[in-house]
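Shown next: query.cif, containing mmCIF, C-alpha atoms.
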```cif
data_input
#
loop_
_atom_site.label_atom_id
_atom_site.label_comp_id
_atom_site.auth_asym_id
_atom_site.auth_seq_id
_atom_site.Cartn_x
_atom_site.Cartn_y
_atom_site.Cartn_z
CA MET A 1 -35.76 -33.73 50.98
CA LYS A 2 -39.27 -35.23 50.90
CA LYS A 3 -40.30 -38.86 50.96
CA GLY A 4 -41.46 -39.70 47.46
CA LEU A 5 -40.65 -41.43 44.18
CA ILE A 6 -39.69 -40.11 40.75
CA ILE A 7 -39.73 -42.85 38.10
CA THR A 8 -38.72 -42.57 34.45
CA LEU A 9 -40.81 -44.56 31.97
CA PRO A 10 -39.41 -44.06 28.48
CA LYS A 11 -41.24 -46.05 25.80
CA TRP A 12 -39.64 -45.81 22.42
CA ASP A 13 -38.19 -49.24 21.65
CA ASN A 14 -38.80 -52.81 22.77
CA VAL A 15 -36.45 -52.62 25.77
CA THR A 16 -37.97 -49.44 27.21
CA GLU A 17 -41.52 -50.67 26.45
CA TYR A 18 -40.85 -53.81 28.49
CA LEU A 19 -39.14 -51.99 31.36
CA SER A 20 -41.90 -49.37 31.59
CA HIS A 21 -44.81 -51.81 31.34
CA PHE A 22 -43.38 -54.01 34.08
CA SER A 23 -42.96 -50.96 36.34
CA TRP A 24 -46.68 -51.05 37.21
CA GLN A 25 -45.82 -53.18 40.25
CA ILE A 26 -43.53 -50.43 41.55
CA LEU A 27 -46.28 -47.82 41.15
CA SER A 28 -48.78 -50.11 42.93
CA ALA A 29 -46.35 -50.53 45.81
CA ALA A 30 -45.99 -46.75 46.06
CA GLU A 31 -49.79 -46.38 46.25
CA GLU A 32 -50.18 -49.17 48.79
CA ASN A 33 -47.56 -47.57 51.02
CA ASN A 34 -48.89 -44.03 50.59
CA ILE A 35 -45.69 -42.80 48.98
CA PRO A 36 -46.30 -39.90 46.58
CA TYR A 37 -44.85 -40.45 43.13
CA LYS A 38 -44.25 -38.66 39.86
CA LYS A 39 -44.06 -40.56 36.58
CA LEU A 40 -41.89 -39.17 33.79
CA GLU A 41 -43.41 -41.02 30.86
CA GLU A 42 -42.30 -41.15 27.25
CA THR A 43 -41.24 -37.63 26.11
CA GLU A 44 -41.24 -36.50 29.76
CA ALA A 45 -38.35 -38.89 30.38
CA SER A 46 -35.99 -36.12 29.32
CA LYS A 47 -33.13 -34.25 31.00
CA LYS A 48 -35.13 -31.02 31.16
CA SER A 49 -38.23 -32.61 32.74
CA PHE A 50 -36.14 -34.67 35.14
CA GLU A 51 -34.17 -31.66 36.38
CA LYS A 52 -37.33 -29.56 36.72
CA THR A 53 -39.14 -32.33 38.62
CA ILE A 54 -36.31 -33.18 41.01
CA ASN A 55 -35.74 -29.50 41.83
CA LYS A 56 -39.45 -28.89 42.40
CA LEU A 57 -40.47 -32.06 44.28
CA ASN A 58 -37.15 -32.90 45.93
CA TYR A 59 -38.20 -36.56 46.35
CA SER A 60 -35.86 -38.98 48.08
CA PHE A 61 -36.18 -42.01 45.77
CA ILE A 62 -35.46 -42.18 42.04
CA VAL A 63 -36.05 -45.17 39.75
CA PHE A 64 -34.54 -44.98 36.29
CA ASN A 65 -35.69 -47.31 33.52
CA GLY A 66 -33.79 -47.08 30.28
CA HIS A 67 -30.57 -47.62 28.47
CA GLY A 68 -27.34 -46.77 30.19
CA SER A 69 -23.62 -46.52 29.87
CA PRO A 70 -20.99 -46.68 32.62
CA ASN A 71 -21.41 -42.95 33.36
CA SER A 72 -24.94 -42.08 32.26
CA ILE A 73 -28.58 -43.11 32.15
CA LYS A 74 -30.78 -42.31 29.19
CA GLY A 75 -34.46 -41.58 28.80
CA HIS A 76 -36.84 -41.24 25.86
CA LYS A 77 -35.14 -41.67 22.48
CA ASP A 78 -31.83 -42.22 24.24
CA GLU A 79 -31.55 -38.65 25.58
CA VAL A 80 -29.05 -38.57 28.45
CA ILE A 81 -30.98 -37.72 31.63
CA ILE A 82 -28.25 -37.99 34.22
CA GLU A 83 -24.50 -38.09 33.74
CA ALA A 84 -21.53 -38.29 36.08
CA GLY A 85 -19.54 -35.06 35.90
CA ASN A 86 -22.48 -33.15 34.45
CA ASN A 87 -25.72 -33.19 36.45
CA GLY A 88 -24.85 -36.28 38.52
CA TYR A 89 -24.86 -34.13 41.66
CA LEU A 90 -28.68 -34.04 41.45
CA ILE A 91 -28.91 -37.61 42.72
CA ASN A 92 -26.41 -37.18 45.58
CA ASP A 93 -27.91 -38.07 48.94
CA ARG A 94 -30.96 -39.72 47.36
CA ILE A 95 -31.72 -43.41 46.91
CA VAL A 96 -31.37 -44.45 43.28
CA TYR A 97 -32.32 -47.68 41.57
CA ALA A 98 -31.14 -47.80 37.96
CA ARG A 99 -32.53 -50.58 35.79
CA ALA A 100 -30.17 -49.65 33.02
CA CYS A 101 -27.09 -51.24 31.54
CA GLU A 102 -23.75 -50.81 33.27
CA ALA A 103 -24.70 -47.54 35.02
CA GLY A 104 -23.20 -48.92 38.21
CA ALA A 105 -19.70 -48.88 36.81
CA VAL A 106 -19.03 -45.12 37.09
CA LEU A 107 -22.25 -43.29 37.93
CA GLY A 108 -22.92 -45.47 40.96
CA ARG A 109 -19.54 -44.61 42.41
CA ILE A 110 -20.72 -41.02 42.96
CA PHE A 111 -22.06 -42.55 46.15
CA LYS A 112 -19.23 -43.13 48.57
CA GLU A 113 -19.79 -45.56 51.38
CA ASN A 114 -19.15 -43.31 54.32
CA THR A 115 -19.69 -39.86 52.95
CA SER A 116 -23.08 -40.16 51.34
CA ARG A 117 -26.53 -40.29 52.93
CA GLY A 118 -27.89 -41.79 49.74
CA CYS A 119 -27.12 -44.90 47.77
CA PHE A 120 -27.16 -46.38 44.32
CA ILE A 121 -28.38 -49.82 43.29
CA GLY A 122 -27.70 -50.74 39.71
CA TYR A 123 -25.80 -53.05 37.39
CA GLU A 124 -22.10 -53.22 36.60
CA PHE A 125 -22.69 -55.46 33.60
CA PRO A 126 -25.34 -54.93 30.96
CA PHE A 127 -28.75 -55.81 32.43
CA VAL A 128 -30.04 -58.50 30.07
CA PHE A 129 -33.33 -60.28 29.58
CA TRP A 130 -34.93 -62.75 27.24
CA ALA A 131 -38.42 -62.12 25.89
CA ASP A 132 -40.86 -64.13 23.81
CA LYS A 133 -41.58 -62.36 20.53
CA THR A 134 -45.15 -63.70 20.62
CA TRP A 135 -45.92 -61.04 23.23
CA ASP A 136 -44.20 -58.02 21.66
CA SER A 137 -47.36 -55.93 21.72
CA VAL A 138 -48.51 -57.10 25.18
CA PRO A 139 -45.31 -57.30 27.26
CA LEU A 140 -47.13 -58.05 30.52
CA LYS A 141 -48.27 -61.42 29.13
CA ASP A 142 -44.69 -62.42 28.41
CA GLU A 143 -43.86 -65.12 30.95
CA THR A 144 -40.21 -65.22 29.85
CA ALA A 145 -39.55 -61.51 30.37
CA LYS A 146 -41.45 -61.71 33.68
CA LYS A 147 -38.73 -64.01 35.06
CA PHE A 148 -36.28 -61.12 34.76
CA LEU A 149 -38.32 -57.99 35.32
CA GLU A 150 -40.47 -58.99 38.29
CA PRO A 151 -37.52 -59.85 40.55
CA SER A 152 -35.74 -56.66 39.55
CA ASN A 153 -38.89 -54.75 40.59
CA MET A 154 -38.39 -56.16 44.08
CA VAL A 155 -35.48 -53.77 44.72
CA ALA A 156 -37.78 -50.77 44.36
CA ILE A 157 -40.77 -52.45 46.02
CA SER A 158 -38.72 -53.36 49.11
CA LEU A 159 -37.54 -49.77 49.46
CA LEU A 160 -41.11 -48.50 49.14
CA LYS A 161 -42.12 -50.89 51.92
CA GLY A 162 -39.58 -49.28 54.21
CA HIS A 163 -36.67 -51.70 53.98
CA THR A 164 -33.08 -50.49 53.97
CA ALA A 165 -31.09 -50.28 50.76
CA GLU A 166 -29.08 -53.36 51.72
CA GLU A 167 -32.26 -55.36 52.41
CA ALA A 168 -33.79 -54.22 49.11
CA HIS A 169 -30.59 -55.10 47.24
CA GLN A 170 -30.51 -58.58 48.78
CA ASN A 171 -34.24 -59.06 48.26
CA GLY A 172 -33.89 -58.36 44.53
CA ILE A 173 -31.01 -60.82 44.28
CA MET A 174 -32.92 -63.48 46.24
CA HIS A 175 -35.93 -63.26 43.89
CA MET A 176 -33.64 -63.56 40.88
CA LYS A 177 -31.98 -66.59 42.47
CA LYS A 178 -35.40 -68.19 43.00
CA ASN A 179 -36.20 -67.83 39.31
CA PHE A 180 -32.70 -69.05 38.49
CA LYS A 181 -33.28 -72.23 40.50
CA LYS A 182 -36.69 -72.79 38.86
CA GLU A 183 -35.05 -72.54 35.44
CA ILE A 184 -32.26 -74.95 36.30
CA LEU A 185 -34.81 -77.47 37.57
CA ARG A 186 -37.19 -76.90 34.64
CA GLY A 187 -34.63 -78.35 32.28
CA THR A 188 -36.18 -77.41 28.94
CA LYS A 189 -34.24 -76.49 25.80
CA ASP A 190 -33.94 -72.81 26.67
CA SER A 191 -33.63 -73.12 30.48
CA PHE A 192 -29.87 -72.73 30.56
CA GLN A 193 -29.91 -69.60 28.39
CA ILE A 194 -32.49 -68.03 30.70
CA ALA A 195 -30.69 -69.15 33.87
CA GLU A 196 -27.40 -67.84 32.55
CA ALA A 197 -28.88 -64.38 31.88
CA LEU A 198 -30.39 -64.32 35.38
CA TRP A 199 -26.96 -65.23 36.74
CA ASN A 200 -25.49 -62.29 34.84
CA ASN A 201 -28.02 -59.90 36.39
CA PHE A 202 -27.76 -60.94 40.00
CA THR A 203 -23.98 -61.22 39.98
CA GLY A 204 -23.78 -57.80 38.31
CA GLN A 205 -26.16 -56.03 40.71
CA VAL A 206 -24.26 -53.57 42.89
CA LEU A 207 -24.94 -51.26 45.79
CA PHE A 208 -22.84 -48.16 46.42
CA GLY A 209 -23.13 -45.65 49.24
CA ASN A 210 -25.13 -45.86 52.42
CA SER A 211 -26.42 -49.41 52.68
CA GLN A 212 -28.66 -48.47 55.63
CA ALA A 213 -30.47 -45.70 53.73
CA VAL A 214 -34.27 -45.73 53.75
CA ILE A 215 -36.59 -43.56 51.67
CA MET B 216 9.53 -66.72 19.08
CA ARG B 217 8.14 -67.59 22.48
CA ASP B 218 5.90 -64.47 22.39
CA ASN B 219 4.48 -65.54 19.04
CA TYR B 220 3.84 -69.01 20.40
CA GLU B 221 2.00 -67.59 23.43
CA TYR B 222 -0.02 -65.25 21.23
CA ASP B 223 -1.03 -68.13 18.94
CA GLU B 224 -2.00 -70.21 21.92
CA LYS B 225 -4.15 -67.38 23.37
CA SER B 226 -5.94 -66.72 20.11
CA GLU B 227 -6.55 -70.43 19.67
CA VAL B 228 -8.13 -70.60 23.13
CA ALA B 229 -10.26 -67.55 22.32
CA GLU B 230 -11.43 -69.19 19.10
CA LYS B 231 -12.29 -72.41 20.95
CA MET B 232 -14.27 -70.39 23.51
CA LYS B 233 -16.16 -68.67 20.73
CA GLU B 234 -16.99 -72.04 19.15
CA LEU B 235 -18.19 -73.37 22.49
CA VAL B 236 -20.43 -70.33 23.06
CA LEU B 237 -21.84 -70.60 19.53
CA ALA B 238 -22.62 -74.29 20.06
CA ARG B 239 -24.42 -73.56 23.33
CA ILE B 240 -26.50 -70.77 21.80
CA ASP B 241 -27.38 -72.92 18.81
CA ALA B 242 -28.44 -75.88 20.95
CA GLN B 243 -30.24 -74.01 23.72
CA THR B 244 -32.11 -71.12 22.09
CA THR B 245 -35.68 -71.58 20.85
CA SER B 246 -36.87 -69.63 17.82
CA ASN B 247 -39.48 -67.59 19.73
CA LEU B 248 -36.90 -66.03 22.07
CA ARG B 249 -35.14 -62.71 21.66
CA LEU B 250 -32.31 -61.42 23.78
CA PHE B 251 -32.23 -57.82 24.99
CA ILE B 252 -28.81 -56.58 25.90
CA GLY B 253 -27.59 -53.02 26.01
CA SER B 254 -29.32 -50.69 23.62
CA HIS B 255 -29.92 -53.41 21.04
CA LYS B 256 -33.53 -53.76 19.91
CA GLY B 257 -33.70 -57.48 20.64
CA MET B 258 -31.85 -60.29 18.92
CA THR B 259 -32.91 -63.61 17.45
CA LYS B 260 -30.66 -66.66 17.78
CA GLU B 261 -29.11 -65.98 14.36
CA GLU B 262 -28.40 -62.35 15.24
CA ILE B 263 -26.83 -63.31 18.57
CA MET B 264 -24.57 -65.81 16.81
CA ALA B 265 -23.57 -63.22 14.21
CA HIS B 266 -22.45 -60.82 16.98
CA VAL B 267 -20.42 -63.57 18.64
CA ARG B 268 -18.76 -64.50 15.32
CA ARG B 269 -17.90 -60.85 14.62
CA GLY B 270 -16.58 -60.37 18.15
CA ASP B 271 -18.09 -56.88 18.43
CA GLU B 272 -19.06 -55.28 21.75
CA ILE B 273 -22.34 -57.19 22.03
CA GLY B 274 -20.60 -60.41 21.01
CA LYS B 275 -17.93 -59.89 23.67
CA ASN B 276 -20.60 -59.32 26.32
CA ILE B 277 -22.39 -62.51 25.31
CA ILE B 278 -19.14 -64.49 25.45
CA ARG B 279 -18.32 -62.97 28.87
CA MET B 280 -21.77 -63.97 30.15
CA HIS B 281 -21.34 -67.57 28.98
CA ILE B 282 -17.81 -67.93 30.29
CA ASN B 283 -18.74 -66.47 33.72
CA PHE B 284 -21.61 -68.92 33.98
CA MET B 285 -19.53 -71.91 32.91
CA LYS B 286 -16.85 -70.96 35.45
CA ALA B 287 -19.55 -70.78 38.13
CA VAL B 288 -20.82 -74.24 37.16
CA VAL B 289 -17.31 -75.68 37.40
CA SER B 290 -16.45 -73.95 40.69
CA GLY B 291 -19.63 -75.20 42.35
CA GLU B 292 -21.14 -71.71 42.78
CA VAL B 293 -24.22 -72.66 40.77
CA THR B 294 -24.82 -75.72 42.95
CA ASP B 295 -24.40 -73.58 46.07
CA VAL B 296 -27.00 -71.08 44.87
CA VAL B 297 -29.48 -73.82 43.97
CA LYS B 298 -28.99 -75.46 47.38
CA SER B 299 -29.27 -72.15 49.25
CA ILE B 300 -32.75 -71.26 47.94
#
```
When written as structure tokens, how does the structure in this file appear?
Amino acid sequence: MKKGLIITLPKWDNVTEYLSHFSWQILSAAEENNIPYKKLEETEASKKSFEKTINKLNYSFIVFNGHGSPNSIKGHKDEVIIEAGNNGYLINDRIVYARACEAGAVLGRIFKENTSRGCFIGYEFPFVFWADKTWDSVPLKDETAKKFLEPSNMVAISLLKGHTAEEAHQNGIMHMKKNFKKEILRGTKDSFQIAEALWNNFTGQVLFGNSQAVI
Amino acid sequence: MRDNYEYDEKSEVAEKMKELVLARIDAQTTSNLRLFIGSHKGMTKEEIMAHVRRGDEIGKNIIRMHINFMKAVVSGEVTDVVKSI
């Protein structure tokens, strides 16, 4: 296995547009740390392209952006890219961060604590975020969505900087907690709705497998 | 008889919870915000409230999120997190 990152960037609805746009920080971190990466953008975020890429490059770190279910993660136009019991074995022994709903519930459990070299960081509950519709066409200017997506980027960024999976997991949670505290103290009309959604994400973030894994 | 009584009591509590969640959403959500949850394209306040009223999968997730947070407020977990950062 080679040190490197494969990242899926589907862009076909508002959720995937937001997730993919905010992933620029992850790609910058890969460049800054001289980690080679391969983007699977839009139509390339498909099962066929993913399987071809992972078999060819054999990179150690995978970031999935997209919709999910307890046992699968989807790509462009909701095509299932990876699924427990089907091609889930492809991610065994790698480090996986899945910014996708609920994928931690079943798929993440492929990674057993003592028998896997790799690990899975994801969400047991649906990953949720609020966004401001004013910025639909320019997601990166959306300060509301930023409160959710920037701290979740920290999981991947920490791994790219050489931290262990456990450190990256905790770092992501800590950044979400910081934004949570800011919201509670801000005390505007929508603060509690935003804080509550952040609470959902950091209490639902899970790590399975080898917590000491590094990319 | 007792089973029916317990069932009625449970459904009454569930209804009260739903009302509480609806009141919180109504009072705390500004019109410019949209919520992204699951594969839904993004919901306005009115759409969120409609899901909660229907009690569909999205509505159940929203209720779960609210109840978990309210429990955390009551148990002191929220205060602990705020103090720890």
TODO: Identify which of the residues A:Leu198, A:Ala168, A:Ala131, A:Met1 lies closest to Lys181 of chain A, counting all atoms listed in the file when measuring atom-to-atom distances.
DONE: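 Among the listed residues, A:Leu198 lies closest to Lys181 of chain A.
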Can you spell out as a PDB file with C-alpha atoms, keeping the file's coordinate frame the set of residues that the PyMOL selection byres ((chain B) within 12 of (chain A)) selects in the structure I just provided?
```pdb
ATOM      1  CA  VAL B 236     -20.430 -70.330  23.060  1.00  0.00           C
ATOM      2  CA  ARG B 239     -24.420 -73.560  23.330  1.00  0.00           C
ATOM      3  CA  ILE B 240     -26.500 -70.770  21.800  1.00  0.00           C
ATOM      4  CA  ASP B 241     -27.380 -72.920  18.810  1.00  0.00           C
ATOM      5  CA  ALA B 242     -28.440 -75.880  20.950  1.00  0.00           C
ATOM      6  CA  GLN B 243     -30.240 -74.010  23.720  1.00  0.00           C
ATOM      7  CA  THR B 244     -32.110 -71.120  22.090  1.00  0.00           C
ATOM      8  CA  THR B 245     -35.680 -71.580  20.850  1.00  0.00           C
ATOM      9  CA  SER B 246     -36.870 -69.630  17.820  1.00  0.00           C
ATOM     10  CA  ASN B 247     -39.480 -67.590  19.730  1.00  0.00           C
ATOM     11  CA  LEU B 248     -36.900 -66.030  22.070  1.00  0.00           C
ATOM     12  CA  ARG B 249     -35.140 -62.710  21.660  1.00  0.00           C
ATOM     13  CA  LEU B 250     -32.310 -61.420  23.780  1.00  0.00           C
ATOM     14  CA  PHE B 251     -32.230 -57.820  24.990  1.00  0.00           C
ATOM     15  CA  ILE B 252     -28.810 -56.580  25.900  1.00  0.00           C
ATOM     16  CA  GLY B 253     -27.590 -53.020  26.010  1.00  0.00           C
ATOM     17  CA  SER B 254     -29.320 -50.690  23.620  1.00  0.00           C
ATOM     18  CA  HIS B 255     -29.920 -53.410  21.040  1.00  0.00           C
ATOM     19  CA  LYS B 256     -33.530 -53.760  19.910  1.00  0.00           C
ATOM     20  CA  GLY B 257     -33.700 -57.480  20.640  1.00  0.00           C
ATOM     21  CA  MET B 258     -31.850 -60.290  18.920  1.00  0.00           C
ATOM     22  CA  THR B 259     -32.910 -63.610  17.450  1.00  0.00           C
ATOM     23  CA  LYS B 260     -30.660 -66.660  17.780  1.00  0.00           C
ATOM     24  CA  ILE B 263     -26.830 -63.310  18.570  1.00  0.00           C
ATOM     25  CA  GLU B 272     -19.060 -55.280  21.750  1.00  0.00           C
ATOM     26  CA  ILE B 273     -22.340 -57.190  22.030  1.00  0.00           C
ATOM     27  CA  LYS B 275     -17.930 -59.890  23.670  1.00  0.00           C
ATOM     28  CA  ASN B 276     -20.600 -59.320  26.320  1.00  0.00           C
ATOM     29  CA  ILE B 277     -22.390 -62.510  25.310  1.00  0.00           C
ATOM     30  CA  ILE B 278     -19.140 -64.490  25.450  1.00  0.00           C
ATOM     31  CA  ARG B 279     -18.320 -62.970  28.870  1.00  0.00           C
ATOM     32  CA  MET B 280     -21.770 -63.970  30.150  1.00  0.00           C
ATOM     33  CA  HIS B 281     -21.340 -67.570  28.980  1.00  0.00           C
ATOM     34  CA  ILE B 282     -17.810 -67.930  30.290  1.00  0.00           C
ATOM     35  CA  ASN B 283     -18.740 -66.470  33.720  1.00  0.00           C
ATOM     36  CA  PHE B 284     -21.610 -68.920  33.980  1.00  0.00           C
ATOM     37  CA  MET B 285     -19.530 -71.910  32.910  1.00  0.00           C
ATOM     38  CA  LYS B 286     -16.850 -70.960  35.450  1.00  0.00           C
ATOM     39  CA  ALA B 287     -19.550 -70.780  38.130  1.00  0.00           C
ATOM     40  CA  VAL B 288     -20.820 -74.240  37.160  1.00  0.00           C
ATOM     41  CA  GLU B 292     -21.140 -71.710  42.780  1.00  0.00           C
ATOM     42  CA  VAL B 293     -24.220 -72.660  40.770  1.00  0.00           C
ATOM     43  CA  THR B 294     -24.820 -75.720  42.950  1.00  0.00           C
ATOM     44  CA  ASP B 295     -24.400 -73.580  46.070  1.00  0.00           C
ATOM     45  CA  VAL B 296     -27.000 -71.080  44.870  1.00  0.00           C
ATOM     46  CA  VAL B 297     -29.480 -73.820  43.970  1.00  0.00           C
ATOM     47  CA  LYS B 298     -28.990 -75.460  47.380  1.00  0.00           C
ATOM     48  CA  SER B 299     -29.270 -72.150  49.250  1.00  0.00           C
ATOM     49  CA  ILE B 300     -32.750 -71.260  47.940  1.00  0.00           C
TER      50      ILE B 300
END
```
- [ ] Identify, on the basis of only C-alpha atoms, every residue whose closest approach to Ile91 of chain A does not exceed 12 Å; exclude the query and any residue fewer than 4 positions from it along the same chain; express the result as JSON, numbers by chain.
- [x] {"A": [1, 6, 50, 51, 54, 55, 58, 59, 60, 61, 62, 63, 64, 73, 81, 82, 83, 84, 85, 86, 87, 95, 96, 97, 98, 107, 108, 109, 110, 111, 116, 117, 118, 119, 120, 209]}
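Relative to atom CA of Trp24 of chain A, atom CA of Asp142 of chain A is found at 14.5 Å.
Taking atom CA of His76 of chain A and atom CA of Lys56 of chain A as the two end points, the separation is 20.8 Å.
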TODO: Considering all atoms listed in the file, return as a list of chain:residue names whatever protein or nucleic-acid residues lie within 9 Å of Leu149 of chain A, sequence-local ones (same chain, fewer than 4 positions apart) excluded.
DONE: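 Residues meeting the cut-off are A:Tyr18, A:Leu19, A:Phe22, A:Ser23, A:Phe129, A:Ala145, A:Asn153, A:Met154.
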Please produce an output containing C-alpha atoms for each residue in the selection, written as a PDB file, in the coordinates of the input.
```pdb
ATOM      1  CA  TYR A  18     -40.850 -53.810  28.490  1.00  0.00           C
ATOM      2  CA  LEU A  19     -39.140 -51.990  31.360  1.00  0.00           C
ATOM      3  CA  PHE A  22     -43.380 -54.010  34.080  1.00  0.00           C
ATOM      4  CA  SER A  23     -42.960 -50.960  36.340  1.00  0.00           C
ATOM      5  CA  PHE A 129     -33.330 -60.280  29.580  1.00  0.00           C
ATOM      6  CA  ALA A 145     -39.550 -61.510  30.370  1.00  0.00           C
ATOM      7  CA  ASN A 153     -38.890 -54.750  40.590  1.00  0.00           C
ATOM      8  CA  MET A 154     -38.390 -56.160  44.080  1.00  0.00           C
TER       9      MET A 154
END
```
Excluding Glu167 of chain A and residues on its chain fewer than 3 positions from it, collect all residues at most 9 Å away from it, counting only C-alpha atoms, and give them as an mmCIF file with C-alpha atoms, in the frame of the given file.
```cif
data_model
loop_
_atom_site.group_PDB
_atom_site.id
_atom_site.type_symbol
_atom_site.label_atom_id
_atom_site.label_comp_id
_atom_site.auth_asym_id
_atom_site.auth_seq_id
_atom_site.Cartn_x
_atom_site.Cartn_y
_atom_site.Cartn_z
ATOM 1 C CA VAL A 155 -35.480 -53.770 44.720
ATOM 2 C CA SER A 158 -38.720 -53.360 49.110
ATOM 3 C CA LEU A 159 -37.540 -49.770 49.460
ATOM 4 C CA HIS A 163 -36.670 -51.700 53.980
ATOM 5 C CA THR A 164 -33.080 -50.490 53.970
ATOM 6 C CA GLN A 170 -30.510 -58.580 48.780
ATOM 7 C CA ASN A 171 -34.240 -59.060 48.260
ATOM 8 C CA GLY A 172 -33.890 -58.360 44.530
ATOM 9 C CA SER A 211 -26.420 -49.410 52.680
ATOM 10 C CA GLN A 212 -28.660 -48.470 55.630
#
```
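For the pair atom CA of Lys2 of chain A and atom CA of Gly122 of chain A, the interatomic distance is 22.4 Å.
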Task: Resolved residues for the PyMOL selection byres ((chain A and resi 43) around 12) as a list in words - done: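 Selection result, ordered by chain and number: Thr8, Leu9, Pro10, Lys11, Trp12, Lys39, Leu40, Glu41, Glu42, Glu44, Ala45, Ser46, Lys47, Lys48, Ser49, Phe50, Lys74, Gly75, His76, Lys77, Asp78, Glu79 and Ile81 of chain A.
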